[in-house]
Every structure is written in structure tokens, then in C-alpha cells.
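Student: CSV, C-alpha atoms, saved as run32.csv, coming up:
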```
chain,number,residue,atom,x,y,z
F,72,MET,CA,11.9,-28.8,68.2
F,73,ASN,CA,12.9,-27.5,64.8
F,74,PRO,CA,16.1,-29.3,63.9
F,75,LEU,CA,17.6,-26.2,62.4
F,76,PHE,CA,17.8,-24.6,65.9
F,77,THR,CA,19.5,-27.5,67.7
F,78,PRO,CA,23.2,-27.8,68.4
F,79,VAL,CA,25.5,-30.1,66.4
F,80,SER,CA,29.1,-31.2,66.7
F,81,VAL,CA,31.3,-30.4,63.7
F,82,GLY,CA,34.8,-31.6,64.3
F,83,HIS,CA,36.4,-29.9,67.2
F,84,HIS,CA,33.4,-27.5,67.6
F,85,LYS,CA,29.9,-27.7,69.0
F,86,LEU,CA,27.7,-25.4,66.9
F,87,ARG,CA,24.8,-23.7,68.5
F,88,ASN,CA,22.5,-24.3,65.5
F,89,ARG,CA,22.6,-26.1,62.2
F,90,LEU,CA,22.4,-23.0,59.9
F,91,VAL,CA,25.7,-22.6,57.9
F,92,MET,CA,26.5,-19.5,55.9
F,93,ALA,CA,27.9,-20.6,52.5
F,94,PRO,CA,31.2,-19.3,51.1
F,95,MET,CA,30.3,-16.5,48.7
F,96,THR,CA,32.7,-14.3,46.7
F,97,ARG,CA,32.0,-10.6,47.6
F,98,SER,CA,35.0,-8.8,45.8
F,99,ARG,CA,35.5,-6.2,48.5
F,100,ALA,CA,39.3,-6.6,49.1
F,101,ASP,CA,41.9,-4.2,47.9
F,102,ASP,CA,44.4,-4.8,45.2
F,103,GLY,CA,46.7,-6.4,47.7
F,104,GLY,CA,44.1,-9.0,48.6
F,105,VAL,CA,43.5,-7.4,52.0
F,106,PRO,CA,39.9,-7.4,53.2
F,107,GLY,CA,38.7,-4.0,54.4
F,108,ASP,CA,37.0,-2.9,57.6
F,109,LEU,CA,33.6,-3.5,56.1
F,110,ALA,CA,34.4,-7.2,56.0
F,111,ALA,CA,34.4,-7.4,59.8
F,112,THR,CA,31.0,-5.7,59.9
F,113,TYR,CA,29.6,-8.0,57.2
F,114,TYR,CA,30.6,-11.3,58.9
F,115,ALA,CA,29.7,-10.1,62.4
F,116,GLN,CA,26.2,-9.2,61.2
F,117,ARG,CA,25.8,-12.9,60.3
F,118,ALA,CA,27.5,-14.4,63.4
F,119,SER,CA,24.2,-16.0,64.6
F,120,ALA,CA,24.8,-18.7,62.1
F,121,GLY,CA,26.0,-22.0,63.6
F,122,LEU,CA,29.0,-21.7,61.3
F,123,ILE,CA,30.2,-19.1,58.8
F,124,ILE,CA,32.4,-20.3,55.9
F,125,SER,CA,34.2,-17.3,54.5
F,126,GLU,CA,34.3,-16.2,50.9
F,127,GLY,CA,37.0,-18.0,48.8
F,128,VAL,CA,40.5,-16.8,49.9
F,129,PHE,CA,43.6,-17.5,47.8
F,130,PRO,CA,46.3,-19.5,49.6
F,131,ALA,CA,49.0,-18.0,47.5
F,132,ALA,CA,49.1,-15.2,44.9
F,133,THR,CA,49.1,-17.6,42.0
F,134,GLY,CA,45.7,-18.8,43.2
F,135,LYS,CA,43.9,-15.4,42.6
F,136,GLY,CA,41.3,-15.6,39.9
F,137,TYR,CA,39.1,-12.6,40.4
F,138,VAL,CA,39.6,-8.9,41.0
F,139,ARG,CA,39.2,-7.7,44.6
F,140,THR,CA,39.3,-11.2,46.2
F,141,PRO,CA,41.3,-11.7,49.4
F,142,GLY,CA,44.3,-13.8,50.3
F,143,ILE,CA,45.7,-15.2,53.5
F,144,GLU,CA,49.4,-15.2,52.7
F,145,THR,CA,50.8,-11.8,53.8
F,146,ASP,CA,51.0,-10.2,57.2
F,147,ALA,CA,48.6,-7.5,56.1
F,148,GLN,CA,46.1,-10.1,55.0
F,149,VAL,CA,46.4,-12.0,58.2
F,150,ALA,CA,46.0,-8.9,60.3
F,151,ALA,CA,42.9,-7.9,58.4
F,152,TRP,CA,41.3,-11.3,58.8
F,153,LYS,CA,42.1,-11.2,62.5
F,154,ARG,CA,39.8,-8.2,62.8
F,155,VAL,CA,37.1,-10.3,61.1
F,156,THR,CA,37.5,-13.3,63.2
F,157,ASP,CA,37.6,-11.2,66.4
F,158,ALA,CA,34.3,-9.5,65.4
F,159,VAL,CA,32.6,-12.8,64.7
F,160,HIS,CA,33.9,-14.3,68.0
F,161,ASP,CA,32.7,-11.2,69.9
F,162,LYS,CA,29.2,-12.1,68.7
F,163,GLY,CA,29.6,-15.7,69.8
F,164,GLY,CA,30.0,-17.1,66.3
F,165,ARG,CA,32.3,-19.6,64.6
F,166,ILE,CA,34.0,-19.0,61.2
F,167,PHE,CA,36.1,-21.2,58.9
F,168,VAL,CA,38.1,-19.8,56.0
F,169,GLN,CA,37.6,-21.3,52.6
F,170,LEU,CA,40.9,-21.8,50.7
F,171,MET,CA,40.3,-21.2,47.0
F,172,HIS,CA,43.0,-21.7,44.4
F,173,CYS,CA,41.4,-20.8,41.0
F,174,GLY,CA,44.1,-22.5,38.9
F,175,ARG,CA,43.3,-21.9,35.2
F,176,ILE,CA,40.3,-19.8,36.0
F,177,SER,CA,42.4,-16.6,36.1
F,178,HIS,CA,44.3,-14.3,33.8
F,179,PRO,CA,47.9,-13.1,33.5
F,180,SER,CA,46.8,-9.6,34.7
F,181,MET,CA,46.1,-11.1,38.1
F,182,GLN,CA,49.2,-13.4,38.3
F,183,PRO,CA,52.5,-12.5,39.9
F,184,GLY,CA,54.8,-11.0,37.2
F,185,GLY,CA,52.0,-11.4,34.6
F,186,GLY,CA,52.7,-15.1,34.4
F,187,LEU,CA,50.3,-17.8,33.1
F,188,PRO,CA,47.7,-19.3,35.4
F,189,VAL,CA,48.5,-22.8,36.5
F,190,ALA,CA,46.6,-26.1,35.9
F,191,PRO,CA,47.1,-29.8,35.8
F,192,SER,CA,47.1,-29.7,31.9
F,193,ALA,CA,47.6,-26.9,29.3
F,194,ILE,CA,43.9,-26.8,28.3
F,195,LYS,CA,42.3,-23.4,27.8
F,196,PRO,CA,38.9,-23.2,29.4
F,197,ALA,CA,36.0,-21.6,27.7
F,198,GLY,CA,34.8,-18.3,29.1
F,199,GLN,CA,36.2,-15.0,30.4
F,200,ALA,CA,38.0,-13.7,33.5
F,201,TRP,CA,36.9,-10.7,35.5
F,202,THR,CA,39.9,-8.3,35.5
F,203,ASN,CA,40.5,-4.7,36.4
F,204,GLU,CA,40.1,-3.9,32.7
F,205,GLY,CA,36.8,-5.8,32.4
F,206,LEU,CA,36.1,-9.3,30.9
F,207,LYS,CA,39.1,-10.9,29.1
F,208,ASP,CA,39.2,-14.4,27.5
F,209,PHE,CA,40.8,-17.1,29.5
F,210,VAL,CA,44.3,-18.2,28.3
F,211,THR,CA,46.0,-21.5,27.9
F,212,PRO,CA,47.4,-22.2,31.4
F,213,HIS,CA,50.8,-23.5,32.4
F,214,ALA,CA,50.7,-27.3,33.1
F,215,LEU,CA,52.3,-27.8,36.6
F,216,SER,CA,55.4,-30.0,36.8
F,217,THR,CA,55.5,-32.5,39.7
F,218,SER,CA,57.8,-30.2,41.6
F,219,GLU,CA,55.5,-27.3,41.1
F,220,ILE,CA,52.6,-29.4,42.3
F,221,ALA,CA,54.5,-30.0,45.5
F,222,ASP,CA,55.0,-26.2,45.9
F,223,VAL,CA,51.2,-25.6,45.5
F,224,VAL,CA,50.4,-28.3,48.0
F,225,ALA,CA,52.8,-26.7,50.5
F,226,SER,CA,51.1,-23.3,49.9
F,227,TYR,CA,47.9,-24.8,51.3
F,228,GLY,CA,49.7,-25.9,54.4
F,229,ARG,CA,51.2,-22.5,54.9
F,230,ALA,CA,47.8,-20.9,54.3
F,231,THR,CA,46.2,-23.2,56.9
F,232,ARG,CA,48.8,-22.1,59.4
F,233,ARG,CA,48.2,-18.5,58.7
F,234,ALA,CA,44.5,-18.9,58.9
F,235,LEU,CA,44.9,-20.3,62.5
F,236,GLU,CA,47.1,-17.3,63.3
F,237,ALA,CA,44.3,-15.1,62.0
F,238,GLY,CA,41.9,-16.7,64.5
F,239,PHE,CA,39.8,-18.8,62.2
F,240,ASP,CA,38.1,-21.8,63.8
F,241,GLY,CA,39.0,-24.0,60.9
F,242,VAL,CA,39.7,-24.2,57.2
F,243,GLU,CA,37.7,-25.5,54.2
F,244,LEU,CA,39.3,-26.8,51.0
F,245,HIS,CA,37.3,-25.5,48.0
F,246,GLY,CA,37.2,-28.6,45.9
F,247,ALA,CA,34.4,-27.5,43.6
F,248,THR,CA,33.3,-24.8,41.0
F,249,GLY,CA,35.9,-25.7,38.5
F,250,TYR,CA,38.9,-24.4,40.5
F,251,LEU,CA,42.3,-26.1,40.8
F,252,PRO,CA,41.4,-29.1,43.0
F,253,GLU,CA,38.4,-29.9,40.7
F,254,GLN,CA,40.6,-29.4,37.7
F,255,PHE,CA,42.8,-32.2,38.9
F,256,LEU,CA,39.8,-34.3,39.8
F,257,SER,CA,38.1,-34.0,36.4
F,258,SER,CA,39.1,-35.9,33.3
F,259,GLY,CA,38.2,-33.0,30.9
F,260,SER,CA,40.8,-30.7,32.5
F,261,ASN,CA,43.3,-33.3,33.6
F,262,GLN,CA,44.9,-35.1,30.8
F,263,ARG,CA,48.2,-35.9,32.5
F,264,ASP,CA,49.9,-39.3,32.0
F,265,ASP,CA,51.8,-39.3,35.3
F,266,ALA,CA,50.8,-40.1,38.9
F,267,TYR,CA,48.3,-37.2,38.9
F,268,GLY,CA,46.3,-38.2,35.8
F,269,GLY,CA,44.4,-41.0,34.3
F,270,PRO,CA,42.3,-43.2,36.7
F,271,ALA,CA,40.3,-41.7,39.6
F,272,LYS,CA,43.0,-42.8,42.0
F,273,ASN,CA,45.5,-40.6,40.3
F,274,ARG,CA,43.2,-37.6,39.6
F,275,ALA,CA,42.3,-37.5,43.3
F,276,ARG,CA,46.0,-37.5,44.4
F,277,PHE,CA,46.3,-33.7,44.4
F,278,VAL,CA,43.3,-33.2,46.6
F,279,LEU,CA,44.4,-35.8,49.1
F,280,GLU,CA,47.9,-34.4,49.2
F,281,VAL,CA,46.5,-30.9,49.9
F,282,LEU,CA,44.3,-32.3,52.7
F,283,GLU,CA,47.4,-34.0,54.2
F,284,ALA,CA,49.2,-30.6,54.2
F,285,MET,CA,46.2,-28.8,55.8
F,286,THR,CA,45.5,-31.4,58.4
F,287,ALA,CA,49.2,-31.5,59.4
F,288,GLU,CA,48.8,-27.9,60.4
F,289,ALA,CA,45.3,-27.8,61.9
F,290,GLY,CA,44.3,-31.4,62.6
F,291,GLY,CA,41.5,-33.1,60.8
F,292,GLU,CA,38.9,-31.8,63.3
F,293,ARG,CA,39.5,-28.3,62.0
F,294,VAL,CA,39.4,-29.0,58.3
F,295,GLY,CA,36.5,-29.5,55.9
F,296,ILE,CA,36.1,-29.9,52.2
F,297,LYS,CA,33.5,-28.7,49.7
F,298,LEU,CA,32.5,-30.7,46.7
F,299,SER,CA,29.9,-30.0,44.0
F,300,PRO,CA,29.8,-33.0,41.6
F,301,GLU,CA,28.5,-32.4,38.0
F,302,MET,CA,28.0,-28.7,38.6
F,303,GLY,CA,29.8,-28.0,35.4
F,304,PHE,CA,30.8,-24.4,36.3
F,305,ASN,CA,33.9,-22.9,34.7
F,306,ASP,CA,34.0,-25.4,31.8
F,307,ILE,CA,34.6,-28.4,34.0
F,308,VAL,CA,33.6,-31.9,33.0
F,309,ASP,CA,34.4,-35.4,34.1
F,310,ALA,CA,33.6,-38.6,32.2
F,311,VAL,CA,33.0,-40.7,35.3
F,312,PRO,CA,31.9,-38.4,38.1
F,313,GLN,CA,30.2,-41.1,40.3
F,314,GLU,CA,33.4,-43.1,40.2
F,315,THR,CA,35.6,-40.1,40.8
F,316,TYR,CA,33.6,-38.8,43.8
F,317,THR,CA,32.9,-42.1,45.5
F,318,TYR,CA,36.6,-42.9,45.3
F,319,LEU,CA,37.6,-39.5,46.7
F,320,VAL,CA,35.1,-39.6,49.6
F,321,ASP,CA,36.2,-43.1,50.5
F,322,GLN,CA,39.7,-41.8,50.9
F,323,LEU,CA,38.6,-39.1,53.3
F,324,ARG,CA,38.1,-41.6,56.1
F,325,GLY,CA,41.6,-41.5,57.3
F,326,PHE,CA,41.7,-37.7,57.8
F,327,ASN,CA,39.1,-37.4,60.5
F,328,LEU,CA,37.8,-34.3,58.8
F,329,ALA,CA,35.3,-31.9,60.6
F,330,TYR,CA,32.9,-32.1,57.7
F,331,LEU,CA,32.0,-32.8,54.1
F,332,HIS,CA,30.2,-30.0,52.4
F,333,VAL,CA,28.3,-31.0,49.3
F,334,ALA,CA,26.4,-28.5,47.2
F,335,LEU,CA,24.4,-29.8,44.3
F,336,PHE,CA,23.3,-27.8,41.3
F,337,GLY,CA,21.8,-29.7,38.4
F,338,ALA,CA,23.5,-33.0,39.1
F,339,LYS,CA,22.1,-36.0,37.3
F,340,VAL,CA,22.1,-38.2,40.4
F,341,ASP,CA,21.5,-37.7,44.1
F,342,TYR,CA,25.1,-37.4,45.3
F,343,HIS,CA,23.9,-36.7,48.9
F,344,ALA,CA,22.5,-40.2,49.0
F,345,LEU,CA,25.6,-41.6,47.4
F,346,LEU,CA,28.2,-39.8,49.4
F,347,ARG,CA,26.8,-39.2,52.9
F,348,PRO,CA,27.0,-42.9,53.9
F,349,ARG,CA,30.6,-43.0,52.9
F,350,PHE,CA,31.6,-40.2,55.3
F,351,ALA,CA,31.9,-40.5,59.0
F,352,GLY,CA,32.0,-36.8,60.0
F,353,ALA,CA,29.4,-34.1,59.8
F,354,TYR,CA,27.6,-33.8,56.5
F,355,LEU,CA,26.8,-30.2,55.3
F,356,LEU,CA,24.1,-30.1,52.6
F,357,GLY,CA,23.7,-27.1,50.3
F,358,GLY,CA,22.5,-26.0,46.9
F,359,GLY,CA,19.5,-23.6,46.6
F,360,LEU,CA,17.9,-24.6,50.0
F,361,ASP,CA,14.9,-22.9,51.5
F,362,LYS,CA,13.8,-23.4,55.1
F,363,ALA,CA,11.4,-26.2,54.3
F,364,ALA,CA,14.0,-28.2,52.3
F,365,ALA,CA,16.6,-27.7,55.0
F,366,GLU,CA,14.2,-28.9,57.7
F,367,ALA,CA,13.3,-31.9,55.6
F,368,ALA,CA,17.0,-32.9,55.0
F,369,LEU,CA,17.8,-32.6,58.7
F,370,THR,CA,14.7,-34.5,59.9
F,371,GLY,CA,15.2,-37.2,57.3
F,372,GLY,CA,18.8,-37.7,58.4
F,373,ARG,CA,20.2,-36.7,55.0
F,374,ALA,CA,22.4,-34.0,56.6
F,375,ASP,CA,23.8,-32.7,59.9
F,376,ALA,CA,23.6,-29.1,58.9
F,377,ALA,CA,22.1,-27.0,56.1
F,378,VAL,CA,24.1,-24.4,54.1
F,379,PHE,CA,22.5,-21.2,52.9
F,380,GLY,CA,24.1,-18.8,50.4
F,381,THR,CA,22.4,-15.7,49.0
F,382,THR,CA,19.6,-16.1,51.5
F,383,PHE,CA,22.2,-15.4,54.3
F,384,LEU,CA,23.8,-12.7,52.2
F,385,ALA,CA,20.5,-10.7,52.1
F,386,ASN,CA,19.3,-11.6,55.6
F,387,PRO,CA,22.0,-11.1,58.2
F,388,ASP,CA,19.5,-12.2,60.9
F,389,LEU,CA,18.4,-15.3,59.0
F,390,LEU,CA,18.2,-17.4,62.2
F,391,GLU,CA,15.8,-15.0,63.8
F,392,ARG,CA,13.7,-14.7,60.6
F,393,PHE,CA,13.4,-18.5,60.4
F,394,ARG,CA,12.4,-18.7,64.1
F,395,GLU,CA,9.6,-16.3,63.6
F,396,ASN,CA,8.6,-17.3,60.0
F,397,ALA,CA,9.2,-13.7,59.0
F,398,PRO,CA,9.5,-12.4,55.5
F,399,LEU,CA,13.0,-12.4,53.9
F,400,ASN,CA,14.9,-9.7,52.2
F,401,ALA,CA,15.5,-10.4,48.5
F,402,PRO,CA,19.2,-10.5,47.4
F,403,ASP,CA,20.3,-7.7,45.0
F,404,LYS,CA,22.4,-9.5,42.4
F,405,ALA,CA,23.6,-6.2,40.9
F,406,THR,CA,25.6,-5.5,44.1
F,407,PHE,CA,27.0,-9.0,44.7
F,408,TYR,CA,30.5,-8.1,43.5
F,409,ARG,CA,30.4,-4.3,43.6
F,410,PRO,CA,32.8,-2.4,46.0
F,411,GLY,CA,31.3,-0.6,48.9
F,412,ALA,CA,28.7,-1.1,51.6
F,413,GLY,CA,25.8,-1.3,49.2
F,414,GLY,CA,24.5,-4.8,49.0
F,415,TYR,CA,27.1,-5.8,51.5
F,416,THR,CA,26.5,-4.4,55.0
F,417,ASP,CA,23.3,-2.5,54.4
F,418,TYR,CA,20.7,-5.3,54.2
F,419,PRO,CA,18.3,-4.4,57.0
F,420,ALA,CA,17.8,-6.7,60.0
F,421,MET,CA,14.2,-7.8,60.8
F,422,ARG,CA,13.9,-5.5,63.8
F,423,THR,CA,15.1,-2.5,61.8
F,424,THR,CA,12.7,-3.3,59.0
F,425,ALA,CA,9.8,-3.6,61.5
F,426,ASN,CA,10.6,-0.3,63.1
F,427,ALA,CA,11.1,1.6,59.9
```
Could the structure of this file be written out as C-alpha cells, please?
Tutor:
Amino acid sequence: MNPLFTPVSVGHHKLRNRLVMAPMTRSRADDGGVPGDLAATYYAQRASAGLIISEGVFPAATGKGYVRTPGIETDAQVAAWKRVTDAVHDKGGRIFVQLMHCGRISHPSMQPGGGLPVAPSAIKPAGQAWTNEGLKDFVTPHALSTSEIADVVASYGRATRRALEAGFDGVELHGATGYLPEQFLSSGSNQRDDAYGGPAKNRARFVLEVLEAMTAEAGGERVGIKLSPEMGFNDIVDAVPQETYTYLVDQLRGFNLAYLHVALFGAKVDYHALLRPRFAGAYLLGGGLDKAAAEAALTGGRADAAVFGTTFLANPDLLERFRENAPLNAPDKATFYRPGAGGYTDYPAMRTTANA
């Protein structure tokens, strides 16, 4: 039997197949960070995945880094996500929320009171932020004090509790793509001289404290973490990435996490081979996979599940298409972040295409 279509245990849950839908920013929420009714349709269309990981969701307002991205802090946000999780569960699916604090990858126009984005160190990243007024240069962020770090850590715990109230089956910590956790992990963005900076042990402290807060609310079996070593996105760089990530993953053993999700894009070494043996839970492998590569990874024991991004975005019935070796819809990049149903809920299912 094709390993993609076999069940697998991931933490507290037994998934009906090994296809995982990757977290993908879709920018369809309103200005208050509330996902709209279309979000329930979008996720329910893809509920045949063994597991859906939601788009990045900010745990607190200071974590917002892009226009029209959703949060999970207010009652209105939680109520809207409850409609999403109900729609997925009605289709027999499972869905985790991804908590994404953008840190310095933001802009004052998206921060409460027009304040500065926060970061481990006051180092301005190269690049520009997507704002309501278009692209604007990133600014020099505010370096968090130790007491402010504690507040951010606590916000992840509160967001985890609110995610469970919203009906999510679990929570993923976004520790990749140059956002706040990776800003702490990486020597280029973290130049602190206190307990959160310097050697890998200190730079990993923030991530581990966040996981402590999240697992205290949900239990480790409902918490996962995403990493993407050496991706380099959002002006992130680390001088000793292999040391950093082996240290971090070694520390995950005590959390009993549901999974470790590793997506590789252009890394210089095979971090899957390096990190998988160090992690006892389910290992989710991602990064530009097609069906053949996913099957090979599962058959070869390199992963327990395979993560698909834009392929799932454009093919809500990806499981069925893979089963029948059917043609795939091509993703329309021009509509990835554009409001409305176009490029969101209107990708045709295979049966619709066949009957057109």
C-alpha cells in the first residue's frame, strides 16, 4: 500500500493518512485579525488531509507582521476560528493552529499604538513590510527587556488556551522563516549579552520557554514545532546553524511533543538526516515536495508524514488526485494574498473539473 494513504499517530491523534497541509499565509482576515466566513470553506475543502496546519496566526497584537493576517487573542477571533474548526471536524479532518509572532518583521503601522516591532536585539532587518499603504522599509525594532520577554512568552500560553477554546486539535509553534523565535535562535539577529544571547544554549532559551508555556496549556501531545534551518528568509542568518539546531532539538525530548516539522529550502546540509534521529515523536518533512519525493521519504523512514504547501492550496482534493494519479491544478501566485474568493475557495475539485 502507498504509505501516503496509511494512518499514523501524531501525538494525541491518529491521522487517517500522512498528507499534511502546510501553514500558508493567505491574508483574508479583516483589520481586526478576524478570519471571515470564506476561511471555513477554504479549510473544510481541504479536510481530507491527515492534518491541516493553519496559516500563521499572531498570538498577540504585537506579533502581527502582515496586513489581513488573523489572530487568536480576542473573543471575535476565537469565535471565527471556532467556525473554521467546526467545518473541518464536520468533514472528519484534524487541524492545528500555527502561532506566528513576526517580531521585527513588521512595521509600526501594524503595531498597537504605532509602536516599534519587538526583537531580541535592536537590529534593523533588510527588506520591506507589506502594509495597508503598500511596501514600507522595515524599521529598527525595540529590543525586548527580560521582563518583556516573559510577557511575550506568556502570550503564547494564552494563545494556546484560546486555540483550544476555538476547537483546534493542537498548536504549532512557528520557529522558522525569520520570525521572533528564529530571531532569538540566530546569531545574526540576536546579539544579546544576557541569558538569552551568546551560545546556542542561551539563544534557544526563548523557544524552550515558549514551548513550556504552550505545553502547560495543551500538553505536549497537542503541540508541535516548525523549523527551517538555513532558509535565510527575512534577513536571518546564524553563524553555527548545525550547532544551534542540534542543541535545540536535543532539548525537545522532555516536552513529549506531538511532532517536529522541518521544511528545508536551500540548506547546505541534510538537516532531516541530522535532526530526525534526535527526535522521538512524529517527524513531518516538508519543502517543495511532490508525490514521488513524499513517497520516497516515507518508504525510506526519513519521515512519518509529508507536508505539502501550494500543491494543497491549488488542489483541495489532493488526496483523491494522488490516489488516482490525476493531473493537478497549478497554483495562481497572483492570488495568494489577495482578498476574496479568487485563488482561495474557487480552485476546482477533480470531479468538478472532469464534469465541466
Student: Point out the residue among F:Ala338, F:Ile176, F:Ala111, F:Ala100 with the least atom-to-atom distance to Gln148 (chain F), counting only C-alpha atoms.
Tutor: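 When distances to Gln148 (chain F) are compared using only C-alpha atoms, the smallest one comes from F:Ala100.
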Student: What separation in Å, quoted to one decimal, exists between CA of Gly198 (chain F) and CA of Arg97 (chain F)?
Tutor: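 For CA of Gly198 (chain F) relative to CA of Arg97 (chain F), the distance reads 20.2 Å.
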Student: Quick one: pull the distance between CA of Phe129 (chain F) and CA of Gly269 (chain F), Å, one decimal.
Tutor: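 Answer for the CA of Phe129 (chain F) to CA of Gly269 (chain F) separation: 27.1 Å.
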Student: Point out the residue among F:Phe277, F:Trp201, F:Tyr316, F:Tyr330 with the least atom-to-atom distance to His84 (chain F), counting only C-alpha atoms.
Tutor: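 Of F:Phe277, F:Trp201, F:Tyr316, F:Tyr330, the one nearest His84 (chain F), counting only C-alpha atoms, is F:Tyr330.
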Student: For region 379-390 of chain F, list every protein, DNA or RNA residue within 7 Å, evaluated using all atoms listed in the file, and leave out those in the same chain fewer than 5 positions away; present the list as a ChimeraX atom specification.
Tutor: /F:91-93,95,116-117,119-120,357,360,399-402,418,420-421
Student: Using the selection just defined, write its residues with C-alpha atoms as a short mmCIF file (atom, residue, chain, number, x, y, z; two decimals), keeping the file's coordinate frame.
Tutor:
```cif
data_model
loop_
_atom_site.label_atom_id
_atom_site.label_comp_id
_atom_site.auth_asym_id
_atom_site.auth_seq_id
_atom_site.Cartn_x
_atom_site.Cartn_y
_atom_site.Cartn_z
CA VAL F 91 25.70 -22.60 57.90
CA MET F 92 26.50 -19.50 55.90
CA ALA F 93 27.90 -20.60 52.50
CA MET F 95 30.30 -16.50 48.70
CA GLN F 116 26.20 -9.20 61.20
CA ARG F 117 25.80 -12.90 60.30
CA SER F 119 24.20 -16.00 64.60
CA ALA F 120 24.80 -18.70 62.10
CA GLY F 357 23.70 -27.10 50.30
CA LEU F 360 17.90 -24.60 50.00
CA LEU F 399 13.00 -12.40 53.90
CA ASN F 400 14.90 -9.70 52.20
CA ALA F 401 15.50 -10.40 48.50
CA PRO F 402 19.20 -10.50 47.40
CA TYR F 418 20.70 -5.30 54.20
CA ALA F 420 17.80 -6.70 60.00
CA MET F 421 14.20 -7.80 60.80
#
```
Student: Give me, as a list in words, all polymer residues having an atom no more than 7 Å from region 345-347 of chain F, counting all atoms listed in the file and skipping those fewer than 4 positions away in the same chain.
Tutor: Thr317, Val320, Asp341 and Tyr354 of chain F
Student: Select all residues near (31.1, -36.8, 34.2) (cut-off 10 Å, inclusive, file coordinates), counting only C-alpha atoms, and output them as a list in words.
Tutor: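 With a cut-off of 10 Å, the residues come to Ser257, Ser258, Gly259, Pro300, Glu301, Met302, Gly303, Ile307, Val308, Asp309, Ala310, Val311, Pro312, Gln313, Glu314, Thr315, Ala338 and Lys339 of chain F.
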Student: Which residues are close to Arg373 (chain F), i.e. within 10 Å by only C-alpha atoms, leaving aside same-chain residues fewer than 2 positions away? Reply as an MDAnalysis selection string.
Tutor: chainID F and resid 343:344 347:348 354:356 365 367:371 375:377
Student: Would you work out the distance separating CA of Val149 (chain F) from CA of Ala237 (chain F), expressed in Å to one decimal?
Tutor: 5.3 Å
Student: With only C-alpha atoms as the atoms that count, which of F:Gly241, F:Pro179, F:Gly290, F:Gly107 lies nearest to Ala412 (chain F)?
Tutor: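 Using only C-alpha atoms, Ala412 (chain F) sits closest to F:Gly107.
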Student: Which of these residues is nearest to Ala150 (chain F), using all atoms listed in the file: F:His83, F:Phe239, F:Tyr113, F:Ser98?
Tutor: F:Phe239
Student: F:Leu206, F:Leu298, F:Ser216, F:Ala230: which is nearest Tyr342 (chain F), counting all atoms listed in the file?
Tutor: F:Leu298
